[in-house]
file data.tsv (TSV, C-alpha atoms and all ligand atoms)
chain	number	residue	atom	x	y	z
A	406	MET	CA	72.80	-18.76	3.32
A	407	SER	CA	69.77	-19.70	5.33
A	408	ARG	CA	66.39	-18.64	4.10
A	409	LYS	CA	63.41	-18.52	6.45
A	410	ILE	CA	60.92	-21.23	5.62
A	411	ILE	CA	57.50	-19.81	4.76
A	412	ALA	CA	54.39	-21.85	5.49
A	413	ALA	CA	51.56	-20.09	3.69
A	414	GLY	CA	47.97	-21.19	3.61
A	415	ASN	CA	45.89	-20.45	0.55
A	416	TRP	CA	42.33	-20.82	1.72
A	417	LYS	CA	40.93	-20.22	-1.78
A	418	MET	CA	37.13	-19.66	-1.60
A	419	ASN	CA	36.68	-21.14	1.85
A	420	LYS	CA	35.52	-19.83	5.25
A	421	THR	CA	33.27	-16.89	6.02
A	422	ALA	CA	34.63	-13.79	7.75
A	423	LYS	CA	33.43	-15.10	11.11
A	424	GLU	CA	34.90	-18.55	10.58
A	425	ALA	CA	38.17	-16.97	9.47
A	426	VAL	CA	38.53	-14.93	12.65
A	427	GLU	CA	37.74	-17.96	14.81
A	428	PHE	CA	40.35	-19.98	12.94
A	429	VAL	CA	43.09	-17.39	13.27
A	430	GLU	CA	42.30	-16.79	16.95
A	431	ALA	CA	42.79	-20.51	17.50
A	432	LEU	CA	45.86	-20.74	15.26
A	433	LYS	CA	47.77	-17.94	17.01
A	434	GLY	CA	48.74	-19.84	20.12
A	435	ARG	CA	49.41	-23.03	18.23
A	436	VAL	CA	52.04	-21.51	15.91
A	437	ALA	CA	53.55	-18.98	18.31
A	438	ASP	CA	56.72	-21.06	18.56
A	439	ALA	CA	56.93	-22.04	14.89
A	440	ASP	CA	60.28	-21.37	13.25
A	441	ALA	CA	58.60	-20.89	9.89
A	442	GLU	CA	57.06	-17.63	8.81
A	443	VAL	CA	53.33	-18.34	8.99
A	444	VAL	CA	50.99	-16.73	6.46
A	445	VAL	CA	47.26	-17.13	5.89
A	446	GLY	CA	45.89	-16.25	2.46
A	447	VAL	CA	42.23	-15.51	2.98
A	448	PRO	CA	39.25	-14.27	0.91
A	449	PHE	CA	38.99	-10.48	0.59
A	450	VAL	CA	36.02	-10.17	2.93
A	451	CYS	CA	37.94	-12.00	5.66
A	452	LEU	CA	40.94	-9.66	5.52
A	453	PRO	CA	39.87	-6.93	8.00
A	454	GLY	CA	38.93	-9.43	10.70
A	455	VAL	CA	41.92	-11.66	10.13
A	456	VAL	CA	44.41	-8.77	10.18
A	457	GLU	CA	42.87	-7.65	13.47
A	458	ALA	CA	42.90	-11.19	14.90
A	459	ALA	CA	46.52	-11.72	13.86
A	460	LYS	CA	47.76	-8.51	15.52
A	461	GLY	CA	50.49	-9.16	18.05
A	462	SER	CA	51.05	-12.69	16.74
A	463	ASN	CA	53.57	-14.10	14.29
A	464	ILE	CA	50.89	-14.72	11.67
A	465	LYS	CA	51.10	-12.67	8.49
A	466	VAL	CA	48.17	-12.11	6.19
A	467	ALA	CA	47.90	-12.49	2.43
A	468	ALA	CA	45.24	-11.57	-0.11
A	469	GLN	CA	44.67	-14.05	-2.92
A	470	ASN	CA	44.65	-11.55	-5.79
A	471	MET	CA	44.74	-7.83	-6.54
A	472	HIS	CA	44.26	-5.47	-9.48
A	473	TRP	CA	47.28	-3.60	-10.81
A	474	GLU	CA	45.56	-0.21	-11.03
A	475	GLU	CA	45.20	2.03	-8.01
A	476	SER	CA	41.49	2.69	-8.56
A	477	GLY	CA	38.99	3.04	-11.37
A	478	ALA	CA	36.23	1.39	-13.35
A	479	PHE	CA	37.11	-2.25	-12.68
A	480	THR	CA	33.94	-3.74	-11.25
A	481	GLY	CA	34.55	-6.47	-8.73
A	482	GLU	CA	38.26	-5.81	-8.35
A	483	VAL	CA	40.35	-4.85	-5.31
A	484	SER	CA	43.41	-2.59	-5.49
A	485	GLY	CA	46.77	-2.45	-3.77
A	486	PRO	CA	45.97	0.62	-1.63
A	487	MET	CA	42.82	-1.08	-0.38
A	488	LEU	CA	44.88	-4.03	0.78
A	489	SER	CA	47.81	-2.14	2.23
A	490	GLU	CA	45.56	0.19	4.20
A	491	LEU	CA	44.13	-2.87	5.94
A	492	GLY	CA	47.60	-4.02	6.95
A	493	VAL	CA	47.86	-6.96	4.55
A	494	ASP	CA	51.44	-8.22	4.14
A	495	TYR	CA	51.43	-10.49	1.10
A	496	VAL	CA	49.41	-11.00	-2.05
A	497	ILE	CA	49.21	-14.26	-3.98
A	498	ILE	CA	49.54	-13.54	-7.69
A	499	GLY	CA	49.05	-15.77	-10.71
A	500	HIS	CA	47.65	-18.82	-9.00
A	501	SER	CA	46.86	-21.47	-11.62
A	502	GLU	CA	43.17	-21.28	-10.71
A	503	ARG	CA	43.20	-17.59	-11.59
A	504	ARG	CA	45.07	-18.35	-14.78
A	505	GLN	CA	42.63	-21.14	-15.67
A	506	TYR	CA	39.29	-19.62	-14.67
A	507	PHE	CA	39.83	-15.86	-14.62
A	508	GLY	CA	42.06	-15.06	-17.55
A	509	GLU	CA	45.25	-14.32	-15.61
A	510	THR	CA	48.24	-14.19	-17.95
A	511	ASP	CA	51.98	-13.88	-17.45
A	512	GLU	CA	51.64	-10.23	-18.45
A	513	THR	CA	48.96	-9.45	-15.85
A	514	VAL	CA	51.01	-11.33	-13.27
A	515	ASN	CA	53.91	-9.02	-14.02
A	516	LYS	CA	51.72	-5.90	-13.77
A	517	LYS	CA	50.37	-7.11	-10.44
A	518	ALA	CA	53.85	-7.84	-9.11
A	519	HIS	CA	54.86	-4.24	-9.85
A	520	ALA	CA	51.65	-2.96	-8.27
A	521	ALA	CA	52.20	-5.08	-5.17
A	522	PHE	CA	55.56	-3.44	-4.50
A	523	LYS	CA	54.22	0.00	-5.34
A	524	TYR	CA	51.65	-0.36	-2.58
A	525	GLY	CA	53.85	-2.04	-0.01
A	526	LEU	CA	52.77	-5.63	-0.47
A	527	LYS	CA	55.02	-8.63	-1.03
A	528	PRO	CA	54.01	-10.86	-3.93
A	529	ILE	CA	53.81	-14.63	-3.77
A	530	ILE	CA	54.02	-15.43	-7.47
A	531	CYS	CA	52.73	-18.82	-8.60
A	532	VAL	CA	54.09	-20.76	-11.54
A	533	GLY	CA	53.76	-24.37	-12.63
A	534	GLU	CA	53.04	-26.77	-15.42
A	535	SER	CA	50.02	-28.88	-16.32
A	536	LEU	CA	50.21	-32.65	-16.60
A	537	THR	CA	50.28	-32.45	-20.40
A	538	GLN	CA	53.14	-29.97	-20.30
A	539	ARG	CA	55.09	-32.21	-17.93
A	540	GLU	CA	54.48	-35.21	-20.17
A	541	GLN	CA	55.65	-33.19	-23.17
A	542	GLY	CA	58.89	-32.51	-21.33
A	543	ILE	CA	58.51	-28.73	-21.34
A	544	THR	CA	58.27	-28.13	-17.59
A	545	ALA	CA	61.62	-26.38	-17.30
A	546	GLU	CA	61.06	-24.22	-20.37
A	547	LEU	CA	57.57	-23.25	-19.32
A	548	VAL	CA	58.39	-22.45	-15.71
A	549	ARG	CA	61.47	-20.44	-16.71
A	550	TYR	CA	59.29	-18.48	-19.14
A	551	GLN	CA	56.65	-17.83	-16.47
A	552	VAL	CA	59.29	-16.66	-14.00
A	553	LYS	CA	61.02	-14.41	-16.52
A	554	ILE	CA	57.84	-12.61	-17.53
A	555	ALA	CA	56.56	-12.39	-13.95
A	556	LEU	CA	59.75	-10.70	-12.76
A	557	LEU	CA	60.26	-8.46	-15.78
A	558	GLY	CA	61.36	-4.98	-14.71
A	559	LEU	CA	61.50	-5.74	-10.98
A	560	SER	CA	64.63	-4.56	-9.18
A	561	ALA	CA	67.04	-6.94	-7.48
A	562	GLU	CA	65.85	-5.66	-4.10
A	563	GLN	CA	62.24	-6.38	-5.03
A	564	VAL	CA	63.04	-9.89	-6.22
A	565	LYS	CA	64.76	-10.60	-2.91
A	566	GLU	CA	61.43	-9.81	-1.23
A	567	THR	CA	59.41	-11.87	-3.66
A	568	VAL	CA	58.24	-15.38	-2.92
A	569	ILE	CA	57.92	-17.72	-5.88
A	570	ALA	CA	55.57	-20.66	-5.46
A	571	TYR	CA	56.15	-23.63	-7.72
A	572	GLU	CA	52.77	-25.31	-8.02
A	573	PRO	CA	52.49	-28.10	-10.57
A	574	ILE	CA	48.85	-27.98	-11.63
A	575	TRP	CA	48.55	-31.77	-11.61
A	576	ALA	CA	49.41	-31.79	-7.90
A	577	ILE	CA	46.87	-29.18	-6.80
A	578	GLY	CA	43.89	-30.55	-4.92
A	579	THR	CA	44.54	-34.01	-6.32
A	580	GLY	CA	46.29	-35.59	-3.35
A	581	LYS	CA	49.03	-36.36	-5.87
A	582	THR	CA	52.04	-34.57	-4.39
A	583	ALA	CA	55.14	-34.10	-6.48
A	584	THR	CA	57.94	-36.26	-5.11
A	585	ASN	CA	60.56	-34.45	-3.08
A	586	GLU	CA	62.92	-34.87	-6.03
A	587	GLN	CA	60.45	-33.55	-8.62
A	588	ALA	CA	59.65	-30.51	-6.48
A	589	GLU	CA	63.31	-29.90	-5.68
A	590	GLU	CA	64.32	-30.18	-9.32
A	591	VAL	CA	61.93	-27.46	-10.50
A	592	CYS	CA	62.56	-25.18	-7.50
A	593	GLY	CA	66.25	-25.53	-8.35
A	594	ILE	CA	65.56	-24.64	-11.98
A	595	ILE	CA	63.72	-21.53	-10.81
A	596	ARG	CA	66.64	-20.54	-8.59
A	597	VAL	CA	69.08	-20.92	-11.49
A	598	CYS	CA	66.77	-18.80	-13.63
A	599	VAL	CA	66.74	-16.05	-10.97
A	600	LYS	CA	70.53	-16.31	-10.78
A	601	GLU	CA	70.86	-15.80	-14.52
A	602	LEU	CA	68.63	-12.73	-14.31
A	603	TYR	CA	69.76	-11.16	-11.03
A	604	GLY	CA	72.94	-12.88	-9.89
A	605	GLU	CA	73.93	-15.16	-7.08
A	606	ASP	CA	73.01	-12.95	-4.13
A	607	VAL	CA	69.40	-12.47	-5.23
A	608	ALA	CA	69.05	-16.15	-6.19
A	609	GLU	CA	70.27	-17.24	-2.77
A	610	THR	CA	67.89	-14.83	-1.03
A	611	VAL	CA	64.64	-15.30	-2.95
A	612	ARG	CA	62.33	-17.83	-1.34
A	613	ILE	CA	60.89	-20.55	-3.53
A	614	GLN	CA	57.99	-22.58	-2.16
A	615	TYR	CA	56.41	-25.76	-3.32
A	616	GLY	CA	52.62	-26.10	-3.51
A	617	GLY	CA	50.37	-29.00	-4.43
A	618	SER	CA	48.88	-31.44	-1.91
A	619	VAL	CA	51.27	-30.43	0.86
A	620	ASN	CA	50.06	-32.02	4.10
A	621	ALA	CA	51.11	-32.66	7.67
A	622	ALA	CA	52.81	-35.90	6.66
A	623	ASN	CA	54.91	-34.71	3.73
A	624	ALA	CA	55.78	-31.10	4.69
A	625	ALA	CA	58.93	-31.85	6.66
A	626	GLN	CA	60.56	-33.78	3.85
A	627	LEU	CA	59.59	-31.31	1.16
A	628	PHE	CA	60.69	-28.28	3.18
A	629	GLY	CA	63.94	-30.07	3.99
A	630	MET	CA	65.02	-30.08	0.36
A	631	PRO	CA	67.81	-27.58	-0.40
A	632	ASN	CA	65.88	-25.39	-2.83
A	633	ILE	CA	62.43	-25.61	-1.24
A	634	ASP	CA	61.81	-22.81	1.23
A	635	GLY	CA	58.39	-23.83	2.45
A	636	GLY	CA	54.96	-24.44	1.02
A	637	LEU	CA	51.85	-22.83	-0.35
A	638	VAL	CA	49.19	-25.03	1.16
A	639	GLY	CA	45.58	-25.35	0.04
A	640	GLY	CA	43.32	-27.96	1.62
A	641	ALA	CA	45.52	-28.75	4.61
A	642	SER	CA	45.70	-25.07	5.59
A	643	LEU	CA	41.98	-25.12	6.40
A	644	LYS	CA	42.46	-27.54	9.28
A	645	LEU	CA	44.03	-26.30	12.50
A	646	ASP	CA	45.86	-29.51	13.40
A	647	ASP	CA	47.29	-29.99	9.93
A	648	PHE	CA	48.37	-26.41	9.38
A	649	GLU	CA	49.95	-26.26	12.83
A	650	LYS	CA	51.96	-29.38	11.99
A	651	ILE	CA	53.01	-27.93	8.65
A	652	ALA	CA	54.09	-24.63	10.26
A	653	LYS	CA	56.04	-26.61	12.86
A	654	HIS	CA	57.36	-29.17	10.36
A	655	ASN	CA	60.79	-29.19	11.99
A	656	LYS	CA	59.65	-29.66	15.61
B	701	LIG	P1	46.22	-28.14	-2.29
B	701	LIG	O1	47.22	-28.06	-1.16
B	701	LIG	O2	44.83	-28.26	-1.84
B	701	LIG	O3	46.64	-29.17	-3.29
B	701	LIG	O4	46.30	-26.72	-3.05
B	701	LIG	C1	47.53	-26.23	-3.41
B	701	LIG	C2	47.38	-24.82	-3.86
B	701	LIG	O5	46.81	-24.55	-4.89
B	701	LIG	C3	47.89	-23.77	-2.98
B	701	LIG	O6	47.88	-22.54	-3.62

call {"tool": "encode", "arguments": {"input": "data.tsv", "output": "structure tokens", "more": "lines below"}}
Ligand code: 13P
result
Amino acid sequence: MSRKIIAAGNWKMNKTAKEAVEFVEALKGRVADADAEVVVGVPFVCLPGVVEAAKGSNIKVAAQNMHWEESGAFTGEVSGPMLSELGVDYVIIGHSERRQYFGETDETVNKKAHAAFKYGLKPIICVGESLTQREQGITAELVRYQVKIALLGLSAEQVKETVIAYEPIWAIGTGKTATNEQAEEVCGIIRVCVKELYGEDVAETVRIQYGGSVNAANAAQLFGMPNIDGGLVGGASLKLDDFEKIAKHNK
């Protein structure tokens, strides 16, 4: 079974709306022949311009968060219908920065995953352990727990459309990439977990990315591992040359 590699940029809180459009206009031609599915995860205010700029190209667009309710008294939040009306394809859910700084929990991740599907968005669900947790030897337990709660109540068809991003917190923004073997091991553990929950077919279909200091030099090897179906890329996705190379890792 061959899964399409997904090269997704998570811009985090970087680039203004104008800068974002300029970037995507320039990126379009560069990745037109990429075999990977190319996704840019941009700040909310950049979404309208980026969706417009990406039209007619092979670039898909992701939001970096959403609320699970359709509308209501949730100051500062953005809902699924607001994103889907714009033409957004994906939504990143449960990034460790949202868990760490904004009170995201496994339960809210699960609510958001349901909301994403309800409003026609595909979730990119992030999981991953801290350095302490890795040193305590609980990586597998923790990641399996995060995956199980995140997927709770989703149908097999929905899980097939879900992307799971394994992002060890100690590798994010540190320049300290997990080794190919470390990343492969945990992505494999996640796939086994999905198999236990949903069976072989779903487990072989769901895409599992690695994230954490992915760059132009290490992407090809990481994405070449059997259970790693691409990357969720932070810093290197902000640079045209680097992100182009990552999207075209196999060229
Ligand atoms: P870096 O690639 O900057 O380490 O960030 C990874 C990440 O958090 C992507 O979501």

call {"tool": "axis_aligned_box", "arguments": {"input": "data.tsv", "around": "segment 502-516 of chain A", "padding_each_side": "8 Å", "output": "lines of an AutoDock Vina configuration file"}}
result
center_x = 46.6
center_y = -13.6
center_z = -14.6
size_x = 30.6
size_y = 31.4
size_z = 23.7

call {"tool": "closest_atom_pairs", "arguments": {"input": "data.tsv", "of": "chain A", "to": "ligand LIG 701 (chain B)", "cutoff": "7 Å", "atoms": "only C-alpha atoms and all ligand atoms", "output": "JSON lines"}}
result
{"residue": "A:Asn415", "atom": "CA", "partner": "B:LIG701", "partner_atom": "O6", "distance": 5.1}
{"residue": "A:His500", "atom": "CA", "partner": "B:LIG701", "partner_atom": "O6", "distance": 6.5}
{"residue": "A:Glu572", "atom": "CA", "partner": "B:LIG701", "partner_atom": "O5", "distance": 6.8}
{"residue": "A:Ala576", "atom": "CA", "partner": "B:LIG701", "partner_atom": "O3", "distance": 6.0}
{"residue": "A:Ile577", "atom": "CA", "partner": "B:LIG701", "partner_atom": "O3", "distance": 3.5}
{"residue": "A:Gly578", "atom": "CA", "partner": "B:LIG701", "partner_atom": "O3", "distance": 3.5}
{"residue": "A:Thr579", "atom": "CA", "partner": "B:LIG701", "partner_atom": "O3", "distance": 6.1}
{"residue": "A:Gly580", "atom": "CA", "partner": "B:LIG701", "partner_atom": "O3", "distance": 6.4}
{"residue": "A:Gly616", "atom": "CA", "partner": "B:LIG701", "partner_atom": "C1", "distance": 5.1}
{"residue": "A:Gly617", "atom": "CA", "partner": "B:LIG701", "partner_atom": "O3", "distance": 3.9}
{"residue": "A:Ser618", "atom": "CA", "partner": "B:LIG701", "partner_atom": "O3", "distance": 3.5}
{"residue": "A:Val619", "atom": "CA", "partner": "B:LIG701", "partner_atom": "O1", "distance": 5.1}
{"residue": "A:Leu637", "atom": "CA", "partner": "B:LIG701", "partner_atom": "C3", "distance": 4.8}
{"residue": "A:Val638", "atom": "CA", "partner": "B:LIG701", "partner_atom": "O1", "distance": 4.3}
{"residue": "A:Gly639", "atom": "CA", "partner": "B:LIG701", "partner_atom": "O1", "distance": 3.4}
{"residue": "A:Gly640", "atom": "CA", "partner": "B:LIG701", "partner_atom": "O2", "distance": 3.8}
{"residue": "A:Ala641", "atom": "CA", "partner": "B:LIG701", "partner_atom": "O1", "distance": 6.1}

call {"tool": "closest_atom_pairs", "arguments": {"input": "data.tsv", "of": "segment 611-637 of chain A", "to": "segment 646-655 of chain A", "cutoff": "8 Å", "atoms": "all atoms listed in the file", "output": "Markdown table"}}
result
| residue | atom | partner | partner_atom | distance |
| --- | --- | --- | --- | --- |
| A:Asn620 | CA | A:Asp647 | CA | 6.8 |
| A:Ala621 | CA | A:Asp647 | CA | 5.2 |
| A:Ala624 | CA | A:Ile651 | CA | 5.8 |
| A:Ala625 | CA | A:His654 | CA | 4.8 |
| A:Phe628 | CA | A:His654 | CA | 8.0 |

call {"tool": "closest_residue", "arguments": {"input": "data.tsv", "among": "A:Phe479, A:Phe449, A:Tyr524, A:Trp575", "to": "Glu502 of chain A", "atoms": "all atoms listed in the file"}}
result
A:Trp575

call {"tool": "residues_near_point", "arguments": {"input": "data.tsv", "point": "(47.2, -8.6, 5.5)", "cutoff": "7 Å", "atoms": "all atoms listed in the file", "output": "list of chain:residue names"}}
result
A:Leu452, A:Val456, A:Lys465, A:Val466, A:Ala467, A:Ala468, A:Leu488, A:Leu491, A:Gly492, A:Val493, A:Asp494, A:Tyr495

call {"tool": "residues_near_point", "arguments": {"input": "data.tsv", "point": "(60.4, -19.6, 1.7)", "cutoff": "6 Å", "atoms": "only C-alpha atoms", "output": "ChimeraX atom specification"}}
result
/A:409-411,612-614,634-635

call {"tool": "atom_distance", "arguments": {"input": "data.tsv", "atom1": "atom CA of Asn585 of chain A", "atom2": "atom CA of Val597 of chain A"}}
result
18.1 Å

call {"tool": "residues_around", "arguments": {"input": "data.tsv", "residues": "Lys600 of chain A", "least_positions_apart": "4", "cutoff": "12 Å", "atoms": "all atoms listed in the file", "output": "list in words"}}
result
Arg549, Val552, Lys553, Ala561, Val564, Lys565, Gly593, Ile594, Ile595, Arg596, Gly604, Glu605, Asp606, Val607, Ala608, Glu609, Thr610 and Val611 of chain A

call {"tool": "closest_residue", "arguments": {"input": "data.tsv", "among": "A:Trp473, A:Thr537, A:Val429, A:Glu490", "to": "Lys523 of chain A", "atoms": "all atoms listed in the file"}}
result
A:Trp473

call {"tool": "closest_residue", "arguments": {"input": "data.tsv", "among": "A:Ala521, A:Leu645, A:Tyr550, A:Tyr615", "to": "Lys433 of chain A", "atoms": "only C-alpha atoms"}}
result
A:Leu645
